[in-house]
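Visitor: One structure is given below, represented as structure tokens, and several questions about it will come after.
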Amino acid sequence: MSKLETPTYELPFVIRPNRYSAKHNIKPVNFYCIAPQAAWVALIGDFNGWQLWETPMQRQPDGSWLAQVQLHHGYHQYVFLVDGVPMLDPNADGTARNEKGEPVSLIAVS
């Protein structure tokens, strides 16, 4: 090698920008709320900015309510609003407290 040539070194691994990562995946998640006497039910959570009218739930023939939301990998906080009253999900993966100290349901998406 002459003095003007610079050596070239190859990395022992190749960085691939489009590698698989679970946090980039979006998964459809169904939320069910059992509230047959309710006039309306909404799903609010960190995935929709806690916006009241962002995710209204649809009444099912059996009286339950359903909403499907596309969620990223990780934990998400949410509550059902049943006729305007917050209700925890008895089938949630767990519970936590939001920034205001209020109880919320947790779901883990993988």
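Residue numbering restarts at 1 in every chain; chains get A, B, ... in the order shown in the structure tokens, and ligands count up from 1 in that same order.
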Might you pull out every residue within 8 Å of region 34-41 of chain A, with only C-alpha atoms counted and same-chain residues fewer than 5 positions away left off, and present them as a PyMOL selection string?
Guide: chain A and resi 56-58+62-65+80-84
Visitor: Taking into account only C-alpha atoms, which residue in the set A:Ile44, A:Ala92, A:Val29, A:Leu66 is nearest to Ile107 (chain A)?
Guide: A:Ala92
Visitor: Pick the closest to Pro28 (chain A) from A:Gln77, A:Thr55, A:Gln68, A:Ser105: which is it, counting only C-alpha atoms?
Guide: A:Gln68
Visitor: Out of region 22-79 of chain A, which residues get helix (DSSP H, G or I) from DSSP, as a list in words?
Guide: Ala22, Lys23, His24, Asp46, Phe47 and Asn48 of chain A
Visitor: Using only C-alpha atoms, find the one residue out of A:Gly94, A:Asp46, A:Gly101, A:Val109 that sits nearest to Tyr78 (chain A).
Guide: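 With only C-alpha atoms as the atom set, the closest residue is A:Asp46.
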Visitor: Considering only C-alpha atoms, state which residue in the set A:Asn48, A:Pro103, A:Gln70, A:Arg59 is at the smallest distance from Asp89 (chain A).
Guide: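 Of A:Asn48, A:Pro103, A:Gln70, A:Arg59, the one nearest Asp89 (chain A), counting only C-alpha atoms, is A:Pro103.
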Visitor: What's the separation between CA of Tyr32 (chain A) and CA of Pro90 (chain A), in Å to one decimal place?
Guide: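 Answer for the CA of Tyr32 (chain A) to CA of Pro90 (chain A) separation: 10.1 Å.
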Visitor: What's the separation between CA of Asn91 (chain A) and CA of Asn25 (chain A), in Å to one decimal place?
Guide: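 Distance between the two atoms: 23.5 Å.
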Visitor: Which is closest to Asn98 (chain A) among A:His76, A:Gln60, A:Phe31, A:Leu43, if we use only C-alpha atoms?
Guide: A:His76
Visitor: If you measure from CA of Lys27 (chain A) to CA of Ser110 (chain A), what distance in Å do you get, rounded to one decimal?
Guide: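 For CA of Lys27 (chain A) relative to CA of Ser110 (chain A), the distance reads 8.2 Å.
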